[in-house]
>>> print(open('final_20.cif').read())   # mmCIF, C-alpha atoms
data_structure
#
loop_
_atom_site.label_atom_id
_atom_site.label_comp_id
_atom_site.auth_asym_id
_atom_site.auth_seq_id
_atom_site.Cartn_x
_atom_site.Cartn_y
_atom_site.Cartn_z
CA MET A 1 -107.27 91.07 -42.70
CA ARG A 2 -105.38 92.26 -39.62
CA VAL A 3 -107.33 95.49 -39.63
CA LEU A 4 -110.55 93.50 -39.81
CA LEU A 5 -109.50 91.25 -36.93
CA LEU A 6 -108.42 94.22 -34.85
CA THR A 7 -111.69 95.96 -35.58
CA LEU A 8 -113.63 92.87 -34.52
CA LEU A 9 -111.54 92.54 -31.35
CA VAL A 10 -111.98 96.16 -30.34
CA GLY A 11 -115.60 96.07 -31.35
CA GLY A 12 -116.10 92.99 -29.22
CA ALA A 13 -114.55 94.65 -26.19
CA LEU A 14 -116.66 97.75 -26.75
CA ALA A 15 -119.76 95.56 -26.95
CA CYS A 16 -119.18 94.52 -23.36
CA GLN A 17 -118.58 98.08 -22.22
CA ASN A 18 -121.71 99.23 -24.04
CA ARG A 19 -123.73 96.41 -22.51
CA LEU A 20 -122.52 97.25 -19.02
CA ASP A 21 -123.24 100.93 -19.59
CA THR A 22 -126.79 99.90 -20.46
CA VAL A 23 -127.07 97.96 -17.21
CA VAL A 24 -125.88 100.98 -15.25
CA GLN A 25 -128.28 103.34 -17.00
CA GLU A 26 -131.23 101.00 -16.56
CA ALA A 27 -130.42 100.52 -12.88
CA ILE A 28 -130.12 104.29 -12.31
CA GLY A 29 -133.33 104.84 -14.24
CA GLY A 30 -135.13 102.22 -12.15
CA ALA A 31 -136.06 100.11 -15.19
CA THR A 32 -138.52 97.41 -14.25
CA ASP A 33 -137.18 95.07 -16.92
CA LEU A 34 -133.54 95.38 -15.87
CA SER A 35 -131.54 92.58 -17.47
CA THR A 36 -128.23 91.75 -15.84
CA SER A 37 -127.40 88.86 -18.14
CA VAL A 38 -124.28 90.17 -19.84
CA HIS A 39 -122.45 86.94 -20.71
CA ASP A 40 -123.10 87.16 -24.46
CA ASP A 41 -121.05 90.35 -24.61
CA CYS A 42 -118.83 89.93 -21.54
CA ASN A 43 -117.14 86.54 -21.51
CA SER A 44 -113.72 84.90 -21.31
CA ASP A 45 -113.75 83.75 -24.91
CA VAL A 46 -110.56 85.09 -26.44
CA GLY A 47 -108.38 83.56 -29.10
CA THR A 48 -109.62 80.49 -30.96
CA PHE A 49 -109.69 77.88 -28.20
CA LEU A 50 -113.46 77.55 -27.91
CA ALA A 51 -114.17 77.78 -31.62
CA ALA A 52 -111.39 75.54 -32.91
CA HIS A 53 -109.67 73.50 -30.21
CA ALA A 54 -112.02 72.80 -27.29
CA PRO A 55 -113.44 69.49 -28.58
CA SER A 56 -109.96 67.99 -29.06
CA TYR A 57 -108.88 69.29 -25.68
CA LYS A 58 -111.88 67.73 -23.97
CA LYS A 59 -111.11 64.40 -25.65
CA VAL A 60 -107.68 64.43 -23.96
CA LEU A 61 -109.35 65.40 -20.69
CA ARG A 62 -111.59 62.31 -20.90
CA LYS A 63 -108.55 60.14 -21.63
CA SER A 64 -106.87 61.47 -18.52
CA LEU A 65 -109.89 60.57 -16.37
CA SER A 66 -110.12 57.14 -17.97
CA LEU A 67 -106.44 56.46 -17.25
CA SER A 68 -106.94 57.54 -13.65
CA LEU A 69 -109.65 54.90 -13.21
CA LYS A 70 -107.65 52.24 -15.05
CA TYR A 71 -104.54 52.76 -12.90
CA LEU A 72 -106.66 52.60 -9.75
CA ALA A 73 -107.79 49.08 -10.69
CA ILE A 74 -104.25 48.02 -11.65
CA SER A 75 -103.00 49.39 -8.33
CA SER A 76 -105.54 47.22 -6.50
CA HIS A 77 -104.46 44.24 -8.60
CA PHE A 78 -100.86 44.59 -7.42
CA GLY A 79 -102.00 45.23 -3.85
CA SER A 80 -103.93 41.96 -3.51
CA ASP A 81 -102.40 39.19 -1.40
CA LEU A 82 -102.09 37.06 -4.53
CA ASN A 83 -99.64 39.53 -6.09
CA HIS A 84 -98.35 41.53 -3.15
CA ARG A 85 -96.23 43.84 -5.28
CA LEU A 86 -96.58 46.85 -3.02
CA GLY A 87 -94.05 48.90 -4.97
CA PHE A 88 -96.02 48.46 -8.18
CA LYS A 89 -99.20 49.18 -6.22
CA LYS A 90 -97.69 52.49 -5.11
CA LEU A 91 -96.46 53.26 -8.65
CA PHE A 92 -99.92 52.86 -10.15
CA ARG A 93 -101.70 54.56 -7.25
CA GLU A 94 -99.51 57.61 -7.76
CA ALA A 95 -100.08 57.41 -11.52
CA SER A 96 -103.82 57.36 -10.90
CA ASP A 97 -103.53 60.40 -8.61
CA GLU A 98 -101.45 62.26 -11.23
CA ARG A 99 -103.94 61.63 -14.02
CA PHE A 100 -106.85 62.70 -11.80
CA ASP A 101 -105.07 65.92 -10.86
CA GLN A 102 -104.22 66.44 -14.53
CA ALA A 103 -107.89 66.05 -15.41
CA ILE A 104 -108.87 68.66 -12.82
CA ASP A 105 -106.25 71.06 -14.19
CA MET A 106 -107.62 70.51 -17.70
CA ILE A 107 -111.19 71.12 -16.50
CA LYS A 108 -110.06 74.37 -14.92
CA TYR A 109 -108.30 75.35 -18.14
CA VAL A 110 -111.45 74.83 -20.23
CA ILE A 111 -113.40 76.96 -17.76
CA LYS A 112 -110.69 79.63 -17.70
CA ARG A 113 -110.94 79.93 -21.47
CA GLY A 114 -114.66 80.61 -21.22
CA GLY A 115 -115.93 77.12 -21.97
CA ASN A 116 -117.84 74.49 -20.06
CA VAL A 117 -117.45 70.75 -19.60
CA LYS A 118 -121.00 69.75 -20.57
CA GLN A 119 -120.94 66.14 -21.77
CA ALA A 120 -117.14 66.24 -21.52
CA LEU A 121 -116.87 64.16 -18.36
CA SER A 122 -118.51 61.01 -19.70
CA VAL A 123 -115.76 58.41 -19.54
CA GLN A 124 -115.54 54.85 -20.87
CA VAL A 125 -113.42 52.29 -19.06
CA THR A 126 -111.75 49.36 -20.80
CA ALA A 127 -113.71 46.14 -20.48
CA ALA A 128 -110.59 43.96 -20.45
CA PRO A 129 -109.50 42.68 -17.01
CA LEU A 130 -106.73 44.89 -15.67
CA ARG A 131 -104.40 42.24 -14.26
CA PRO A 132 -101.05 42.63 -15.97
CA GLN A 133 -97.78 41.05 -14.89
CA ALA A 134 -95.40 43.43 -13.18
CA LEU A 135 -92.99 43.89 -16.09
CA SER A 136 -95.83 44.03 -18.63
CA SER A 137 -97.56 46.72 -16.59
CA LEU A 138 -94.63 49.03 -17.21
CA GLY A 139 -95.10 48.50 -20.93
CA LEU A 140 -98.81 49.23 -20.60
CA ALA A 141 -98.14 52.45 -18.70
CA LEU A 142 -95.44 53.44 -21.20
CA ALA A 143 -97.82 52.97 -24.12
CA ASP A 144 -100.39 55.16 -22.37
CA ALA A 145 -97.81 57.86 -21.66
CA LYS A 146 -96.70 57.88 -25.30
CA ASP A 147 -100.31 58.08 -26.43
CA MET A 148 -100.94 61.03 -24.13
CA TYR A 149 -97.77 62.68 -25.42
CA ALA A 150 -99.08 62.27 -28.97
CA GLU A 151 -102.42 63.80 -27.96
CA GLN A 152 -100.77 66.79 -26.30
CA ALA A 153 -98.41 67.21 -29.24
CA GLN A 154 -101.41 67.19 -31.56
CA LEU A 155 -103.04 69.94 -29.49
CA HIS A 156 -99.81 71.92 -29.56
CA SER A 157 -99.40 71.47 -33.29
CA ALA A 158 -103.00 72.47 -33.97
CA ALA A 159 -102.68 75.51 -31.72
CA LEU A 160 -99.73 76.71 -33.78
CA CYS A 161 -101.13 75.57 -37.14
CA LEU A 162 -98.07 73.40 -37.69
CA SER A 163 -99.85 70.33 -39.06
CA PRO A 164 -99.87 69.69 -42.83
CA SER A 165 -103.66 70.18 -43.02
CA ALA A 166 -103.42 73.70 -41.69
CA ALA A 167 -106.08 75.06 -44.04
CA GLY A 168 -108.55 77.07 -42.03
CA CYS A 169 -106.43 76.51 -38.96
CA SER A 170 -106.65 78.94 -36.06
CA VAL A 171 -103.65 79.81 -33.94
CA ASP A 172 -104.16 79.91 -30.17
CA ALA A 173 -101.02 81.00 -28.36
CA ASP A 174 -102.17 80.20 -24.83
CA LEU A 175 -103.21 76.66 -25.73
CA ALA A 176 -99.82 76.18 -27.38
CA HIS A 177 -98.14 77.30 -24.16
CA GLN A 178 -100.38 75.14 -21.96
CA SER A 179 -99.96 72.02 -24.09
CA GLN A 180 -96.19 72.59 -24.17
CA ASP A 181 -96.11 72.31 -20.36
CA ALA A 182 -98.20 69.13 -20.60
CA ILE A 183 -95.82 67.72 -23.22
CA GLU A 184 -92.87 68.22 -20.88
CA SER A 185 -94.65 66.22 -18.17
CA GLU A 186 -95.45 63.42 -20.60
CA VAL A 187 -91.84 63.29 -21.80
CA GLU A 188 -90.68 62.87 -18.20
CA ARG A 189 -93.22 60.11 -17.64
CA VAL A 190 -92.21 58.31 -20.83
CA ASN A 191 -88.54 58.47 -19.89
CA GLU A 192 -89.15 57.25 -16.35
CA LEU A 193 -91.30 54.31 -17.45
CA ALA A 194 -89.02 53.29 -20.30
CA SER A 195 -86.03 53.36 -17.97
CA LYS A 196 -87.82 51.22 -15.41
CA ALA A 197 -88.96 48.73 -18.05
CA ASN A 198 -85.48 48.32 -19.44
CA GLN A 199 -83.94 48.07 -15.99
CA LEU A 200 -86.27 45.31 -14.85
CA ALA A 201 -86.24 43.39 -18.14
CA ALA A 202 -82.44 43.31 -18.06
CA MET A 203 -82.53 41.41 -14.76
CA PHE A 204 -84.68 38.59 -16.13
CA THR A 205 -82.85 35.34 -16.95
CA THR A 206 -84.03 32.05 -18.40
CA THR A 207 -83.89 30.49 -14.97
CA GLU A 208 -84.87 33.27 -12.63
CA TYR A 209 -86.85 36.48 -12.59
CA SER A 210 -88.94 36.49 -9.43
CA LEU A 211 -86.15 37.64 -7.14
CA ALA A 212 -85.29 40.45 -9.57
CA GLU A 213 -88.93 41.44 -9.67
CA HIS A 214 -89.12 41.35 -5.88
CA LEU A 215 -86.05 43.57 -5.41
CA PHE A 216 -87.23 45.98 -8.09
CA ASP A 217 -90.64 46.15 -6.43
CA GLN A 218 -89.05 46.84 -3.05
CA HIS A 219 -87.05 49.70 -4.50
CA LEU A 220 -90.23 51.25 -5.86
CA LEU A 221 -91.51 51.70 -2.31
CA MET B 1 -95.35 29.05 49.13
CA LYS B 2 -96.91 25.63 48.80
CA ARG B 3 -100.28 27.18 48.05
CA LEU B 4 -98.71 29.39 45.40
CA LEU B 5 -97.12 26.39 43.72
CA ILE B 6 -100.45 24.53 43.72
CA VAL B 7 -102.25 27.53 42.18
CA LEU B 8 -99.62 27.85 39.47
CA ALA B 9 -99.82 24.17 38.63
CA LEU B 10 -103.62 24.27 38.39
CA THR B 11 -103.47 27.35 36.15
CA ALA B 12 -101.01 25.69 33.80
CA ALA B 13 -103.24 22.64 33.53
CA ALA B 14 -106.28 24.77 32.78
CA GLN B 15 -104.63 26.49 29.77
CA ALA B 16 -106.40 25.44 26.55
CA THR B 17 -104.09 24.29 23.79
CA LEU B 18 -104.21 26.07 20.43
CA GLN B 19 -105.88 23.85 17.86
CA VAL B 20 -104.59 24.77 14.42
CA ASN B 21 -106.25 23.57 11.22
CA TYR B 22 -103.72 24.23 8.48
CA ASN B 23 -106.23 23.68 5.71
CA ASP B 24 -109.52 24.92 7.11
CA PRO B 25 -112.14 24.81 4.32
CA GLN B 26 -114.10 27.54 6.11
CA ASP B 27 -111.27 29.91 5.25
CA LYS B 28 -112.46 30.03 1.63
CA CYS B 29 -108.89 29.78 0.38
CA GLU B 30 -109.43 26.62 -1.70
CA GLY B 31 -106.40 24.94 -0.22
CA GLN B 32 -103.96 27.79 -0.95
CA PRO B 33 -102.59 30.36 1.46
CA CYS B 34 -104.75 33.46 1.38
CA ALA B 35 -105.80 36.30 3.64
CA LYS B 36 -109.48 35.39 3.69
CA ASN B 37 -110.82 33.74 6.80
CA PHE B 38 -114.05 32.08 7.89
CA ASN B 39 -115.64 35.47 8.38
CA TYR B 40 -115.08 36.63 4.79
CA ASP B 41 -118.37 36.92 2.95
CA GLU B 42 -118.51 37.14 -0.85
CA GLY B 43 -121.86 38.97 -0.74
CA CYS B 44 -120.31 41.59 1.50
CA ALA B 45 -117.31 41.94 -0.82
CA THR B 46 -119.62 42.38 -3.82
CA ALA B 47 -121.57 45.07 -1.98
CA ILE B 48 -118.34 46.91 -1.18
CA ARG B 49 -117.22 46.66 -4.81
CA ASN B 50 -120.52 48.26 -5.88
CA GLN B 51 -120.01 50.98 -3.30
CA ILE B 52 -116.65 51.81 -4.89
CA SER B 53 -118.42 52.69 -8.13
CA ARG B 54 -121.01 54.80 -6.34
CA GLU B 55 -118.29 56.83 -4.69
CA LEU B 56 -116.63 57.34 -8.08
CA GLU B 57 -119.96 58.41 -9.61
CA ALA B 58 -120.38 60.98 -6.85
CA SER B 59 -116.82 62.16 -7.53
CA PHE B 60 -117.64 62.74 -11.21
CA THR B 61 -120.76 64.74 -10.33
CA TYR B 62 -118.75 66.93 -7.96
CA LEU B 63 -116.18 67.50 -10.72
CA ALA B 64 -118.98 68.78 -12.96
CA ALA B 65 -120.27 70.98 -10.13
CA GLY B 66 -116.79 72.37 -9.47
CA ALA B 67 -116.47 73.19 -13.15
CA HIS B 68 -119.92 74.80 -13.36
CA PHE B 69 -119.38 77.15 -10.42
CA ALA B 70 -115.99 78.20 -11.81
CA GLN B 71 -117.50 79.32 -15.15
CA ASP B 72 -117.11 83.01 -15.95
CA ASN B 73 -120.89 83.56 -16.05
CA VAL B 74 -121.27 81.96 -12.59
CA ASN B 75 -117.99 82.82 -10.87
CA ARG B 76 -118.39 81.32 -7.41
CA PRO B 77 -114.77 80.27 -6.72
CA GLY B 78 -115.40 79.38 -3.09
CA VAL B 79 -118.26 77.05 -3.96
CA SER B 80 -116.26 75.65 -6.88
CA LYS B 81 -113.41 74.79 -4.53
CA ILE B 82 -115.80 72.99 -2.17
CA PHE B 83 -116.99 70.79 -5.02
CA PHE B 84 -113.52 70.07 -6.39
CA ASP B 85 -112.39 69.15 -2.85
CA HIS B 86 -115.39 66.85 -2.47
CA ALA B 87 -114.63 65.25 -5.84
CA LYS B 88 -111.19 64.32 -4.50
CA GLU B 89 -112.70 63.18 -1.21
CA GLU B 90 -115.21 60.83 -2.87
CA ARG B 91 -112.37 59.34 -4.91
CA GLU B 92 -110.42 58.86 -1.65
CA HIS B 93 -113.45 57.01 -0.24
CA ALA B 94 -113.39 54.69 -3.26
CA ILE B 95 -109.68 54.07 -2.71
CA LYS B 96 -110.25 53.35 0.99
CA LEU B 97 -112.89 50.78 0.10
CA ALA B 98 -110.62 49.15 -2.49
CA ASP B 99 -107.77 49.00 0.03
CA TYR B 100 -110.08 47.48 2.63
CA LEU B 101 -111.08 44.71 0.23
CA SER B 102 -107.42 44.04 -0.49
CA MET B 103 -106.65 43.89 3.23
CA ARG B 104 -109.40 41.30 3.72
CA GLY B 105 -107.96 39.13 0.96
CA ASP B 106 -110.30 39.96 -1.90
CA ARG B 107 -108.67 39.27 -5.26
CA ASP B 108 -111.42 40.47 -7.56
CA THR B 109 -110.26 43.91 -8.69
CA SER B 110 -112.90 44.24 -11.42
CA TYR B 111 -114.83 46.85 -9.47
CA LEU B 112 -114.91 49.48 -12.20
CA GLN B 113 -118.09 50.09 -14.21
CA ALA B 114 -118.04 50.28 -18.00
CA SER B 115 -118.53 54.03 -17.89
CA TYR B 116 -118.81 56.97 -15.52
CA ALA B 117 -120.55 60.30 -15.99
CA PRO B 118 -121.83 63.13 -13.77
CA LEU B 119 -125.52 63.14 -12.87
CA LYS B 120 -125.75 66.81 -13.94
CA TYR B 121 -123.59 69.44 -15.59
CA SER B 122 -125.27 72.71 -14.64
CA TRP B 123 -127.14 74.26 -11.74
CA THR B 124 -129.39 77.32 -11.56
CA ASN B 125 -127.75 78.75 -8.46
CA VAL B 126 -125.59 77.83 -5.49
CA MET B 127 -128.61 76.75 -3.43
CA GLU B 128 -129.52 74.17 -6.06
CA GLY B 129 -125.92 72.97 -6.15
CA LEU B 130 -125.72 72.56 -2.38
CA THR B 131 -129.16 70.94 -2.18
CA ASP B 132 -128.16 68.42 -4.84
CA ALA B 133 -124.89 67.76 -3.01
CA LEU B 134 -126.78 67.06 0.23
CA ALA B 135 -129.07 64.67 -1.66
CA ILE B 136 -126.02 62.90 -3.15
CA GLU B 137 -124.42 62.53 0.29
CA LYS B 138 -127.63 61.09 1.68
CA VAL B 139 -128.10 58.56 -1.09
CA VAL B 140 -124.47 57.46 -0.76
CA THR B 141 -125.05 57.17 3.00
CA ARG B 142 -128.07 54.98 2.32
CA HIS B 143 -125.98 52.77 0.07
CA VAL B 144 -123.27 52.50 2.75
CA SER B 145 -125.97 51.46 5.23
CA GLU B 146 -127.22 48.82 2.77
CA THR B 147 -123.64 47.61 2.36
CA ILE B 148 -123.38 47.29 6.14
CA ASP B 149 -126.55 45.20 6.07
CA ALA B 150 -125.04 43.00 3.36
CA CYS B 151 -121.99 42.55 5.63
CA GLY B 152 -124.08 41.42 8.58
CA SER B 153 -122.12 38.19 9.03
CA ASP B 154 -118.74 39.89 8.59
CA TRP B 155 -118.46 41.85 11.79
CA HIS B 156 -115.18 43.54 11.00
CA ALA B 157 -116.44 44.82 7.65
CA ALA B 158 -119.68 46.06 9.20
CA ASP B 159 -117.77 47.71 12.03
CA TRP B 160 -115.23 49.35 9.71
CA LEU B 161 -117.93 50.59 7.33
CA THR B 162 -119.86 52.04 10.26
CA ALA B 163 -116.90 53.69 11.96
CA ASP B 164 -114.98 54.95 8.93
CA MET B 165 -117.33 55.32 5.99
CA LEU B 166 -120.58 56.25 7.75
CA ASP B 167 -118.73 58.75 9.88
CA GLU B 168 -117.41 60.49 6.74
CA GLN B 169 -120.87 60.45 5.19
CA HIS B 170 -122.54 62.02 8.23
CA LYS B 171 -119.90 64.72 8.39
CA GLY B 172 -120.38 65.46 4.70
CA SER B 173 -124.15 65.72 5.09
CA ARG B 174 -123.76 67.99 8.09
CA GLU B 175 -121.38 70.24 6.17
CA PHE B 176 -123.74 70.73 3.25
CA SER B 177 -126.77 71.11 5.48
CA GLY B 178 -125.00 73.86 7.41
CA HIS B 179 -124.07 75.65 4.17
CA ILE B 180 -127.69 75.50 2.99
CA THR B 181 -128.99 77.02 6.20
CA LYS B 182 -126.44 79.83 6.09
CA LEU B 183 -127.04 80.56 2.39
CA ALA B 184 -130.82 80.62 2.83
CA ARG B 185 -130.49 83.44 5.36
CA MET B 186 -128.14 85.41 3.14
CA VAL B 187 -130.18 85.24 -0.08
CA ALA B 188 -133.55 85.96 1.50
CA SER B 189 -133.81 89.58 0.28
CA GLN B 190 -130.95 90.01 -2.22
CA PRO B 191 -130.17 86.66 -3.86
CA ASN B 192 -127.23 87.68 -6.03
CA LEU B 193 -125.52 89.81 -3.39
CA GLY B 194 -126.20 87.19 -0.73
CA GLU B 195 -124.76 84.43 -2.87
CA TYR B 196 -121.71 86.58 -3.64
CA LEU B 197 -121.04 87.20 0.06
CA PHE B 198 -121.64 83.55 0.93
CA ASP B 199 -119.05 82.53 -1.64
CA LYS B 200 -116.57 85.10 -0.31
CA GLU B 201 -116.91 83.76 3.21
CA LEU B 202 -115.97 80.21 2.20
#
>>> encode(input="final_20.cif", output="structure tokens")
Amino acid sequence: MRVLLLTLLVGGALACQNRLDTVVQEAIGGATDLSTSVHDDCNSDVGTFLAAHAPSYKKVLRKSLSLSLKYLAISSHFGSDLNHRLGFKKLFREASDERFDQAIDMIKYVIKRGGNVKQALSVQVTAAPLRPQALSSLGLALADAKDMYAEQAQLHSAALCLSPSAAGCSVDADLAHQSQDAIESEVERVNELASKANQLAAMFTTTEYSLAEHLFDQHLL
Amino acid sequence: MKRLLIVLALTAAAQATLQVNYNDPQDKCEGQPCAKNFNYDEGCATAIRNQISRELEASFTYLAAGAHFAQDNVNRPGVSKIFFDHAKEEREHAIKLADYLSMRGDRDTSYLQASYAPLKYSWTNVMEGLTDALAIEKVVTRHVSETIDACGSDWHAADWLTADMLDEQHKGSREFSGHITKLARMVASQPNLGEYLFDKEL
């Protein structure tokens, strides 16, 4: 099996060299039907990312874009004069920026692995009004972060064929490495949001919470 | 000295007193404290909310363009960077509009559409990409102009949209138009080499 894979790999690399040799020879020979389209033989497709993992990866990419839009609206909600929680506005604005940058990084990763993002940037936005209370918004963001962690962990697990249904699974070392970095970021986000949620909730009493919320919001600035 | 005292006394008498209406119905605040004033126009706010979505749509199309020109079979990293930068810029425009609405006292933050998607995912060459980008900038500019029309009775909104948003739009159009002119000269006799050099010079 390894010999077969190695043969295919080497053969694939030679296919590109052979194709390019043909281009050179045709150009030297002045061929009138010179074809310089070499992508079929010379491309970035290596490993099993495109064949086995790209659709799942693009699903996470879409989620990242969707979260970016969602947090933008929540940021505006906290920035309105009715709420005037400028610390929470800043928190969600930065979260929106982070998810947008993450989406761009994921787009670049798909491209780097030889793929494209055709039909992968079509994003649905939740129809529900995005007007949470301050404390509840931390719970909402925490749930999203945990969901994104689960998605990245799923990518990582699939890339290493660690899941129980590993039949026909294809290992992709670079995706495993890339998703591991993403997992670390999600873990940090989860920890930060959980800590904030606990910290603010602890300051609520049966008679008073608005001053606690105000001070917490100020410290977010 | 006497004349000075008389002038001062007359001036003091001529000062108009400030008439404050603590519950002015023209303020559109429905009896509660709010940032809206008599000038706030709901039609204008709606037009600005729609403009937010248009900016985001443009951002998504530029993301797709940035991705396309980074593909290994296209490999125009300079052009790709332009489009990724413009994707961020269009999103920044949307954020500016949202922040403006908030500043004016708007409380309706339901400006997002149900879905967003790029207008296209692939382009034949850089010229087509830049031409499409110029067309996108112009249509967004038209929409900004229509938003300004909708804000005719809200002078501050019209003025801010003209000074800030239209200015950005015109600069964007000028940038793409300049790129198109330069690229056209470079690809006249050797398209692939010309496009390669154009990309390198970005």
>>> interface_residues(input="final_20.cif", of="chain A", to="chain B", cutoff="10 Å", atoms="all atoms listed in the file", output="PyMOL selection string")
chain A and resi 37-40+42-45+65-66+69-70+72-84+93+97+100-101+103-104+107-131
>>> residues_around(input="final_20.cif", residues="His214 (chain A)", least_positions_apart="5", cutoff="12 Å", atoms="all atoms listed in the file", output="list in words")
Asn83, His84, Arg85, Leu86, Gly87, Phe88, Ala134, Leu135, Leu200, Met203, Phe204, Glu208, Tyr209, His219, Leu220 and Leu221 of chain A
>>> atom_distance(input="final_20.cif", atom1="CA of Thr17 (chain B)", atom2="CA of Phe38 (chain B)")
20.3 Å
>>> closest_residue(input="final_20.cif", among="A:Ser185, A:Ser35, A:Ser96, A:Ser68", to="Thr22 (chain A)", atoms="all atoms listed in the file")
A:Ser35
>>> closest_residue(input="final_20.cif", among="B:Tyr40, B:Trp160, B:Trp123, B:Phe198", to="Thr181 (chain B)", atoms="only C-alpha atoms")
B:Phe198
